[in-house]
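K.L.:
Input run19.pdb, format and content: PDB, C-alpha atoms.
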```pdb
MODEL        1
ATOM      1  CA  MET S   1     123.241 176.056  67.064
ATOM      2  CA  THR S   2     123.886 179.695  66.174
ATOM      3  CA  LYS S   3     126.410 180.623  63.503
ATOM      4  CA  LEU S   4     128.225 183.919  64.056
ATOM      5  CA  ILE S   5     129.960 185.450  61.033
ATOM      6  CA  LEU S   6     132.299 188.351  61.794
ATOM      7  CA  VAL S   7     133.245 190.607  58.880
ATOM      8  CA  ARG S   8     135.690 193.486  59.101
ATOM      9  CA  HIS S   9     134.549 196.506  57.084
ATOM     10  CA  GLY S  10     136.135 197.228  53.692
ATOM     11  CA  GLN S  11     139.278 199.251  53.164
ATOM     12  CA  THR S  12     139.407 202.976  53.987
ATOM     13  CA  GLU S  13     142.033 205.603  53.266
ATOM     14  CA  THR S  14     142.852 205.723  56.986
ATOM     15  CA  ASN S  15     143.500 201.969  56.904
ATOM     16  CA  LEU S  16     145.894 202.463  53.985
ATOM     17  CA  GLN S  17     147.775 205.069  56.022
ATOM     18  CA  GLY S  18     148.057 202.672  58.954
ATOM     19  CA  LYS S  19     146.292 205.120  61.259
ATOM     20  CA  ILE S  20     143.576 204.749  63.895
ATOM     21  CA  HIS S  21     140.130 206.022  62.934
ATOM     22  CA  LYS S  22     138.549 208.778  64.970
ATOM     23  CA  HIS S  23     135.328 207.966  66.809
ATOM     24  CA  SER S  24     132.220 208.773  64.740
ATOM     25  CA  ASP S  25     134.233 209.947  61.740
ATOM     26  CA  SER S  26     132.599 210.372  58.348
ATOM     27  CA  GLU S  27     135.077 208.434  56.216
ATOM     28  CA  GLN S  28     133.662 206.107  53.569
ATOM     29  CA  LEU S  29     135.187 203.048  51.914
ATOM     30  CA  THR S  30     137.679 203.372  49.073
ATOM     31  CA  ALA S  31     136.644 202.038  45.653
ATOM     32  CA  HIS S  32     138.739 198.969  46.445
ATOM     33  CA  GLY S  33     137.010 198.644  49.810
ATOM     34  CA  ILE S  34     133.621 198.585  48.109
ATOM     35  CA  ALA S  35     134.829 195.885  45.705
ATOM     36  CA  GLN S  36     136.175 193.875  48.653
ATOM     37  CA  ILE S  37     132.807 193.843  50.419
ATOM     38  CA  GLU S  38     131.004 192.972  47.208
ATOM     39  CA  ASP S  39     133.289 189.927  46.916
ATOM     40  CA  THR S  40     132.617 189.085  50.566
ATOM     41  CA  SER S  41     128.862 189.237  49.948
ATOM     42  CA  LYS S  42     129.127 186.586  47.223
ATOM     43  CA  VAL S  43     130.824 184.180  49.636
ATOM     44  CA  LEU S  44     128.331 184.816  52.444
ATOM     45  CA  LYS S  45     125.392 183.695  50.302
ATOM     46  CA  LYS S  46     126.187 180.029  50.891
ATOM     47  CA  ASP S  47     125.694 180.456  54.651
ATOM     48  CA  ASN S  48     122.180 181.917  54.228
ATOM     49  CA  PRO S  49     122.399 184.498  57.036
ATOM     50  CA  ILE S  50     119.072 185.925  58.156
ATOM     51  CA  ALA S  51     120.349 189.385  59.152
ATOM     52  CA  VAL S  52     123.372 191.635  59.253
ATOM     53  CA  TYR S  53     124.269 193.762  62.278
ATOM     54  CA  CYS S  54     126.843 196.546  62.160
ATOM     55  CA  SER S  55     128.422 199.243  64.245
ATOM     56  CA  LYS S  56     127.220 202.798  63.730
ATOM     57  CA  GLU S  57     130.491 203.933  62.186
ATOM     58  CA  LYS S  58     130.013 205.062  58.563
ATOM     59  CA  ARG S  59     132.528 202.554  57.127
ATOM     60  CA  ALA S  60     130.752 199.655  58.860
ATOM     61  CA  ILE S  61     127.288 200.843  57.825
ATOM     62  CA  GLN S  62     128.404 201.216  54.201
ATOM     63  CA  SER S  63     129.902 197.708  54.247
ATOM     64  CA  ALA S  64     126.846 196.171  55.917
ATOM     65  CA  LYS S  65     124.469 197.862  53.490
ATOM     66  CA  ILE S  66     126.270 196.258  50.564
ATOM     67  CA  ILE S  67     125.896 192.844  52.225
ATOM     68  CA  SER S  68     122.266 193.538  53.135
ATOM     69  CA  ASP S  69     121.410 194.600  49.578
ATOM     70  CA  LYS S  70     123.260 191.736  47.894
ATOM     71  CA  LEU S  71     121.770 189.069  50.187
ATOM     72  CA  ASN S  72     118.372 190.743  50.573
ATOM     73  CA  ILE S  73     118.455 190.505  54.372
ATOM     74  CA  PRO S  74     117.622 193.135  57.020
ATOM     75  CA  LEU S  75     120.294 195.464  58.338
ATOM     76  CA  PHE S  76     120.450 196.545  61.988
ATOM     77  CA  GLU S  77     122.723 199.458  62.864
ATOM     78  CA  THR S  78     123.706 198.627  66.429
ATOM     79  CA  ASN S  79     125.226 200.698  69.220
ATOM     80  CA  GLY S  80     128.062 198.896  70.990
ATOM     81  CA  LEU S  81     129.888 197.257  68.074
ATOM     82  CA  GLU S  82     132.136 200.252  67.445
ATOM     83  CA  GLU S  83     135.931 200.254  67.466
ATOM     84  CA  ARG S  84     137.695 201.309  70.661
ATOM     85  CA  ASN S  85     137.553 205.081  71.049
ATOM     86  CA  TRP S  86     141.158 206.275  71.234
ATOM     87  CA  GLY S  87     140.101 209.826  72.097
ATOM     88  CA  ASP S  88     142.889 212.374  71.655
ATOM     89  CA  TYR S  89     145.187 209.684  70.205
ATOM     90  CA  ALA S  90     142.925 208.925  67.224
ATOM     91  CA  GLY S  91     144.457 209.817  63.873
ATOM     92  CA  LEU S  92     147.866 208.443  64.897
ATOM     93  CA  THR S  93     149.405 205.093  64.024
ATOM     94  CA  PHE S  94     149.341 202.485  66.778
ATOM     95  CA  SER S  95     153.137 202.728  67.076
ATOM     96  CA  GLU S  96     152.790 206.454  67.688
ATOM     97  CA  ILE S  97     150.096 205.833  70.295
ATOM     98  CA  LYS S  98     152.246 203.262  72.110
ATOM     99  CA  GLN S  99     155.118 205.730  72.255
ATOM    100  CA  LYS S 100     152.989 208.707  73.259
ATOM    101  CA  ALA S 101     151.205 206.767  76.006
ATOM    102  CA  GLY S 102     154.325 204.945  77.214
ATOM    103  CA  MET S 103     152.705 201.548  76.704
ATOM    104  CA  GLY S 104     156.060 199.796  76.374
ATOM    105  CA  LYS S 105     156.607 200.362  80.104
ATOM    106  CA  MET S 106     153.139 199.211  81.164
ATOM    107  CA  SER S 107     152.242 195.810  82.587
ATOM    108  CA  PHE S 108     149.454 193.959  80.810
ATOM    109  CA  GLU S 109     146.949 194.968  83.482
ATOM    110  CA  GLU S 110     147.966 198.609  83.102
ATOM    111  CA  ARG S 111     147.458 198.425  79.331
ATOM    112  CA  TYR S 112     144.116 196.680  79.832
ATOM    113  CA  THR S 113     142.778 199.460  82.069
ATOM    114  CA  PHE S 114     144.591 202.418  80.434
ATOM    115  CA  ASN S 115     142.261 205.237  79.364
ATOM    116  CA  PRO S 116     143.548 207.472  76.563
ATOM    117  CA  PRO S 117     142.564 211.127  77.089
ATOM    118  CA  ASN S 118     138.869 211.511  76.192
ATOM    119  CA  GLY S 119     138.819 207.879  75.099
ATOM    120  CA  GLU S 120     137.973 204.375  76.232
ATOM    121  CA  SER S 121     140.040 201.657  77.918
ATOM    122  CA  TRP S 122     140.496 198.185  76.485
ATOM    123  CA  LYS S 123     138.525 196.865  79.483
ATOM    124  CA  GLU S 124     135.614 199.246  78.875
ATOM    125  CA  THR S 125     135.605 198.426  75.159
ATOM    126  CA  GLU S 126     135.600 194.693  75.828
ATOM    127  CA  GLU S 127     132.696 194.960  78.279
ATOM    128  CA  ARG S 128     130.699 196.999  75.763
ATOM    129  CA  LEU S 129     131.444 194.649  72.863
ATOM    130  CA  LEU S 130     130.598 191.496  74.826
ATOM    131  CA  ARG S 131     127.409 192.995  76.251
ATOM    132  CA  THR S 132     126.284 193.848  72.709
ATOM    133  CA  LEU S 133     127.285 190.465  71.293
ATOM    134  CA  ASN S 134     125.465 188.566  74.032
ATOM    135  CA  LYS S 135     122.293 190.555  73.377
ATOM    136  CA  ILE S 136     122.466 189.832  69.635
ATOM    137  CA  LEU S 137     123.097 186.123  70.234
ATOM    138  CA  ALA S 138     120.168 185.903  72.661
ATOM    139  CA  GLU S 139     117.899 187.397  69.990
ATOM    140  CA  ASN S 140     119.088 185.010  67.268
ATOM    141  CA  LYS S 141     119.212 181.554  68.808
ATOM    142  CA  ASP S 142     119.840 178.805  66.215
ATOM    143  CA  LYS S 143     120.158 181.323  63.376
ATOM    144  CA  THR S 144     123.020 182.506  61.166
ATOM    145  CA  ILE S 145     123.922 186.179  61.493
ATOM    146  CA  VAL S 146     126.587 188.519  60.171
ATOM    147  CA  LEU S 147     128.300 191.157  62.333
ATOM    148  CA  VAL S 148     130.130 193.868  60.398
ATOM    149  CA  THR S 149     132.552 195.528  62.752
ATOM    150  CA  HIS S 150     136.179 196.633  63.080
ATOM    151  CA  GLY S 151     139.639 195.107  63.254
ATOM    152  CA  GLY S 152     140.148 196.194  66.848
ATOM    153  CA  SER S 153     136.708 194.968  67.863
ATOM    154  CA  ILE S 154     137.320 191.529  66.377
ATOM    155  CA  ARG S 155     140.735 191.428  68.048
ATOM    156  CA  ILE S 156     139.158 192.155  71.431
ATOM    157  CA  TYR S 157     136.511 189.472  70.839
ATOM    158  CA  MET S 158     139.040 186.741  70.063
ATOM    159  CA  PRO S 159     140.045 185.671  73.620
ATOM    160  CA  THR S 160     136.373 185.128  74.510
ATOM    161  CA  LEU S 161     135.575 183.370  71.225
ATOM    162  CA  LEU S 162     138.642 181.124  71.453
ATOM    163  CA  GLY S 163     138.667 180.628  75.230
ATOM    164  CA  VAL S 164     142.227 181.944  75.639
ATOM    165  CA  ASN S 165     143.946 184.589  77.774
ATOM    166  CA  LYS S 166     143.384 188.242  76.938
ATOM    167  CA  GLU S 167     147.076 188.641  76.068
ATOM    168  CA  GLU S 168     146.401 186.447  73.021
ATOM    169  CA  SER S 169     144.601 189.426  71.464
ATOM    170  CA  TYR S 170     147.952 190.733  70.236
ATOM    171  CA  LYS S 171     148.192 187.821  67.773
ATOM    172  CA  TYR S 172     145.070 188.787  65.845
ATOM    173  CA  ASP S 173     144.875 191.401  63.111
ATOM    174  CA  PRO S 174     141.951 190.647  60.748
ATOM    175  CA  ASP S 175     142.140 191.976  57.200
ATOM    176  CA  ASN S 176     139.606 194.319  55.633
ATOM    177  CA  ALA S 177     136.547 192.398  54.370
ATOM    178  CA  SER S 178     137.821 189.160  55.916
ATOM    179  CA  ILE S 179     135.461 186.537  57.299
ATOM    180  CA  SER S 180     135.696 184.783  60.678
ATOM    181  CA  ILE S 181     133.058 182.195  61.575
ATOM    182  CA  PHE S 182     132.137 180.621  64.918
ATOM    183  CA  ASN S 183     129.419 178.243  65.982
ATOM    184  CA  TYR S 184     127.777 179.094  69.303
ATOM    185  CA  GLU S 185     125.779 176.818  71.570
ATOM    186  CA  GLU S 186     125.085 176.942  75.296
ATOM    187  CA  GLY S 187     127.751 179.547  75.970
ATOM    188  CA  ILE S 188     130.463 177.771  73.986
ATOM    189  CA  PHE S 189     132.070 179.148  70.818
ATOM    190  CA  THR S 190     133.706 176.838  68.277
ATOM    191  CA  LYS S 191     135.957 178.318  65.600
ATOM    192  CA  LEU S 192     135.285 177.301  62.000
ATOM    193  CA  VAL S 193     137.501 179.870  60.298
ATOM    194  CA  TYR S 194     139.441 183.012  61.222
ATOM    195  CA  ASN S 195     140.445 185.875  58.910
ATOM    196  CA  ASP S 196     139.515 184.120  55.678
ATOM    197  CA  ASN S 197     140.439 186.478  52.837
ATOM    198  CA  SER S 198     140.732 183.866  50.085
ATOM    199  CA  HIS S 199     137.720 185.375  48.301
ATOM    200  CA  LEU S 200     139.355 188.768  47.854
ATOM    201  CA  GLU S 201     141.146 189.884  44.723
ATOM    202  CA  LYS S 202     144.793 190.416  45.569
TER
ENDMDL
END
```
So, in terms of structure tokens, how does the structure I just supplied come out?

P.N.:
Amino acid sequence: MTKLILVRHGQTETNLQGKIHKHSDSEQLTAHGIAQIEDTSKVLKKDNPIAVYCSKEKRAIQSAKIISDKLNIPLFETNGLEERNWGDYAGLTFSEIKQKAGMGKMSFEERYTFNPPNGESWKETEERLLRTLNKILAENKDKTIVLVTHGGSIRIYMPTLLGVNKEESYKYDPDNASISIFNYEEGIFTKLVYNDNSHLEK
């Protein structure tokens, strides 16, 4: 059985502002975000992961490097784990994006396939994320691995991991440096914990 540990990167200033990160931006973690991931690393030790994978966004790499260093495990910066690219709408809050794009008037299918200008649709993001996850799982059968990624990426993963409809994604909003754990065997995911932030200093 494979154990998949999803970790959202630590806090950034953009997170504090409630805004959407731009694709390939250079923003680093806040001092609090660094402390969050250090606390997360302590908790992950008990699971004995053999590797940490992360998206190629700076905030994810910084978070994963802390985990890699603290646990003394290899780090793999991996294309395909990145947050959805919101294109010209990046830098806005999600409420502002919804208003600007007229999402309130869209059906679910329209929202699922909607492409922001110079960006990526939910459908395209999901296909990319699942393709990357499946490759990582195939390479780590019966091992424990950590994936450091983004709130939106974890949200998009949830319907597949939980076996529910895609509309259920709206319910999930993982906290910075939170931990979500799933067992995986023969194509089936079993949830152990979602959005555990009990290890973080409030």

K.L.:
To verify the selection step, state as a PDB file with C-alpha atoms, in the coordinates of the input which residues the PyMOL selection byres ((chain S and resi 199) around 7) yields on this input.

P.N.:
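Below you can see result.pdb, which holds the result:
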```pdb
ATOM      1  CA  ASP S  39     133.289 189.927  46.916  1.00  0.00           C
ATOM      2  CA  THR S  40     132.617 189.085  50.566  1.00  0.00           C
ATOM      3  CA  ASN S 197     140.439 186.478  52.837  1.00  0.00           C
ATOM      4  CA  SER S 198     140.732 183.866  50.085  1.00  0.00           C
ATOM      5  CA  LEU S 200     139.355 188.768  47.854  1.00  0.00           C
ATOM      6  CA  GLU S 201     141.146 189.884  44.723  1.00  0.00           C
TER       7      GLU S 201
END
```

K.L.:
Quick one: of S:Thr132, S:Thr14, S:Thr125, S:Thr30, who's nearest to Gly152 in chain S, counting only C-alpha atoms?

P.N.:
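Ranking S:Thr132, S:Thr14, S:Thr125, S:Thr30 by distance to Gly152 in chain S, first place goes to S:Thr125.
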
K.L.:
Please measure the separation of CA of Ile97 in chain S and CA of His21 in chain S, giving the value in Å to one decimal.

P.N.:
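Atom-to-atom, CA of Ile97 in chain S to CA of His21 in chain S, that is 12.4 Å.
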
K.L.:
May I ask which of the residues S:Phe108, S:Ser178, S:Lys42, S:Lys135 is the closest one to Lys166 in chain S, counting all atoms listed in the file?

P.N.:
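Of S:Phe108, S:Ser178, S:Lys42, S:Lys135, the one nearest Lys166 in chain S, counting all atoms listed in the file, is S:Phe108.
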
K.L.:
Can you list what the PyMOL selection byres ((chain S and resi 2) around 9) grabs from this structure, as a list in words?

P.N.:
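Evaluating the PyMOL selection byres ((chain S and resi 2) around 9) on this file yields Met1, Lys3, Leu4, Leu137, Asn140, Lys141, Asp142, Lys143, Thr144, Ile145, Phe182, Asn183, Tyr184 and Glu185 of chain S.
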
K.L.:
Between CA of Tyr112 in chain S and CA of Ala64 in chain S, measure the distance and give it in Å to one decimal.

P.N.:
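Interatomic distance here is 29.5 Å.
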
K.L.:
Could you complete range 88-99 of chain S so that it carries all heavy atoms, and give it back as a PDB file, in the frame of the given file?

P.N.:
```pdb
ATOM      1  N   ASP S  88     141.926 211.411  72.201  1.00  0.00           N
ATOM      2  CA  ASP S  88     142.889 212.374  71.655  1.00  0.00           C
ATOM      3  C   ASP S  88     143.986 211.705  70.842  1.00  0.00           C
ATOM      4  O   ASP S  88     144.716 212.393  70.110  1.00  0.00           O
ATOM      5  CB  ASP S  88     143.529 213.178  72.795  1.00  0.00           C
ATOM      6  CG  ASP S  88     142.532 214.064  73.519  1.00  0.00           C
ATOM      7  OD1 ASP S  88     141.368 214.152  73.060  1.00  0.00           O
ATOM      8  OD2 ASP S  88     142.903 214.664  74.554  1.00  0.00           O
ATOM      9  N   TYR S  89     144.142 210.391  70.948  1.00  0.00           N
ATOM     10  CA  TYR S  89     145.187 209.684  70.205  1.00  0.00           C
ATOM     11  C   TYR S  89     144.712 209.207  68.824  1.00  0.00           C
ATOM     12  O   TYR S  89     145.502 208.683  68.039  1.00  0.00           O
ATOM     13  CB  TYR S  89     145.693 208.479  70.998  1.00  0.00           C
ATOM     14  CG  TYR S  89     146.433 208.840  72.265  1.00  0.00           C
ATOM     15  CD1 TYR S  89     146.516 207.942  73.330  1.00  0.00           C
ATOM     16  CD2 TYR S  89     147.047 210.077  72.417  1.00  0.00           C
ATOM     17  CE1 TYR S  89     147.197 208.256  74.491  1.00  0.00           C
ATOM     18  CE2 TYR S  89     147.723 210.406  73.578  1.00  0.00           C
ATOM     19  CZ  TYR S  89     147.793 209.501  74.614  1.00  0.00           C
ATOM     20  OH  TYR S  89     148.466 209.830  75.761  1.00  0.00           O
ATOM     21  N   ALA S  90     143.443 209.331  68.535  1.00  0.00           N
ATOM     22  CA  ALA S  90     142.925 208.925  67.224  1.00  0.00           C
ATOM     23  C   ALA S  90     143.589 209.757  66.136  1.00  0.00           C
ATOM     24  O   ALA S  90     143.940 210.924  66.339  1.00  0.00           O
ATOM     25  CB  ALA S  90     141.412 209.100  67.174  1.00  0.00           C
ATOM     26  N   GLY S  91     143.784 209.148  64.981  1.00  0.00           N
ATOM     27  CA  GLY S  91     144.457 209.817  63.873  1.00  0.00           C
ATOM     28  C   GLY S  91     145.941 209.523  63.823  1.00  0.00           C
ATOM     29  O   GLY S  91     146.618 209.850  62.841  1.00  0.00           O
ATOM     30  N   LEU S  92     146.466 208.861  64.867  1.00  0.00           N
ATOM     31  CA  LEU S  92     147.866 208.443  64.897  1.00  0.00           C
ATOM     32  C   LEU S  92     147.972 206.980  64.492  1.00  0.00           C
ATOM     33  O   LEU S  92     146.981 206.257  64.435  1.00  0.00           O
ATOM     34  CB  LEU S  92     148.441 208.618  66.311  1.00  0.00           C
ATOM     35  CG  LEU S  92     148.379 210.016  66.937  1.00  0.00           C
ATOM     36  CD1 LEU S  92     148.890 209.958  68.374  1.00  0.00           C
ATOM     37  CD2 LEU S  92     149.182 211.014  66.117  1.00  0.00           C
ATOM     38  N   THR S  93     149.181 206.524  64.200  1.00  0.00           N
ATOM     39  CA  THR S  93     149.405 205.093  64.024  1.00  0.00           C
ATOM     40  C   THR S  93     149.462 204.458  65.403  1.00  0.00           C
ATOM     41  O   THR S  93     149.677 205.147  66.412  1.00  0.00           O
ATOM     42  CB  THR S  93     150.721 204.805  63.289  1.00  0.00           C
ATOM     43  OG1 THR S  93     151.828 205.215  64.129  1.00  0.00           O
ATOM     44  CG2 THR S  93     150.800 205.552  61.954  1.00  0.00           C
ATOM     45  N   PHE S  94     149.305 203.133  65.468  1.00  0.00           N
ATOM     46  CA  PHE S  94     149.341 202.485  66.778  1.00  0.00           C
ATOM     47  C   PHE S  94     150.733 202.590  67.398  1.00  0.00           C
ATOM     48  O   PHE S  94     150.875 202.733  68.616  1.00  0.00           O
ATOM     49  CB  PHE S  94     148.915 201.019  66.680  1.00  0.00           C
ATOM     50  CG  PHE S  94     148.701 200.388  68.027  1.00  0.00           C
ATOM     51  CD1 PHE S  94     147.720 200.857  68.878  1.00  0.00           C
ATOM     52  CD2 PHE S  94     149.501 199.337  68.456  1.00  0.00           C
ATOM     53  CE1 PHE S  94     147.525 200.308  70.136  1.00  0.00           C
ATOM     54  CE2 PHE S  94     149.315 198.771  69.710  1.00  0.00           C
ATOM     55  CZ  PHE S  94     148.329 199.249  70.559  1.00  0.00           C
ATOM     56  N   SER S  95     151.772 202.554  66.565  1.00  0.00           N
ATOM     57  CA  SER S  95     153.137 202.728  67.076  1.00  0.00           C
ATOM     58  C   SER S  95     153.297 204.089  67.727  1.00  0.00           C
ATOM     59  O   SER S  95     153.939 204.218  68.781  1.00  0.00           O
ATOM     60  CB  SER S  95     154.155 202.571  65.942  1.00  0.00           C
ATOM     61  OG  SER S  95     154.149 201.261  65.450  1.00  0.00           O
ATOM     62  N   GLU S  96     152.720 205.108  67.114  1.00  0.00           N
ATOM     63  CA  GLU S  96     152.790 206.454  67.688  1.00  0.00           C
ATOM     64  C   GLU S  96     152.017 206.534  69.001  1.00  0.00           C
ATOM     65  O   GLU S  96     152.465 207.185  69.956  1.00  0.00           O
ATOM     66  CB  GLU S  96     152.242 207.472  66.695  1.00  0.00           C
ATOM     67  CG  GLU S  96     153.132 207.687  65.481  1.00  0.00           C
ATOM     68  CD  GLU S  96     152.475 208.498  64.376  1.00  0.00           C
ATOM     69  OE1 GLU S  96     151.226 208.526  64.310  1.00  0.00           O
ATOM     70  OE2 GLU S  96     153.209 209.097  63.572  1.00  0.00           O
ATOM     71  N   ILE S  97     150.881 205.856  69.060  1.00  0.00           N
ATOM     72  CA  ILE S  97     150.096 205.833  70.295  1.00  0.00           C
ATOM     73  C   ILE S  97     150.877 205.147  71.412  1.00  0.00           C
ATOM     74  O   ILE S  97     150.928 205.644  72.541  1.00  0.00           O
ATOM     75  CB  ILE S  97     148.750 205.124  70.068  1.00  0.00           C
ATOM     76  CG1 ILE S  97     147.840 205.964  69.161  1.00  0.00           C
ATOM     77  CG2 ILE S  97     148.035 204.866  71.408  1.00  0.00           C
ATOM     78  CD1 ILE S  97     146.552 205.282  68.758  1.00  0.00           C
ATOM     79  N   LYS S  98     151.468 204.002  71.104  1.00  0.00           N
ATOM     80  CA  LYS S  98     152.246 203.262  72.110  1.00  0.00           C
ATOM     81  C   LYS S  98     153.354 204.132  72.682  1.00  0.00           C
ATOM     82  O   LYS S  98     153.600 204.140  73.894  1.00  0.00           O
ATOM     83  CB  LYS S  98     152.833 201.994  71.480  1.00  0.00           C
ATOM     84  CG  LYS S  98     151.835 200.877  71.289  1.00  0.00           C
ATOM     85  CD  LYS S  98     152.452 199.675  70.597  1.00  0.00           C
ATOM     86  CE  LYS S  98     153.444 198.963  71.481  1.00  0.00           C
ATOM     87  NZ  LYS S  98     153.969 197.737  70.834  1.00  0.00           N
ATOM     88  N   GLN S  99     154.027 204.870  71.801  1.00  0.00           N
ATOM     89  CA  GLN S  99     155.118 205.730  72.255  1.00  0.00           C
ATOM     90  C   GLN S  99     154.592 206.903  73.074  1.00  0.00           C
ATOM     91  O   GLN S  99     155.123 207.208  74.156  1.00  0.00           O
ATOM     92  CB  GLN S  99     155.902 206.238  71.043  1.00  0.00           C
ATOM     93  CG  GLN S  99     157.124 207.068  71.414  1.00  0.00           C
ATOM     94  CD  GLN S  99     157.955 207.444  70.195  1.00  0.00           C
ATOM     95  OE1 GLN S  99     157.548 207.226  69.064  1.00  0.00           O
ATOM     96  NE2 GLN S  99     159.112 208.019  70.435  1.00  0.00           N
TER      97      GLN S  99
END
```
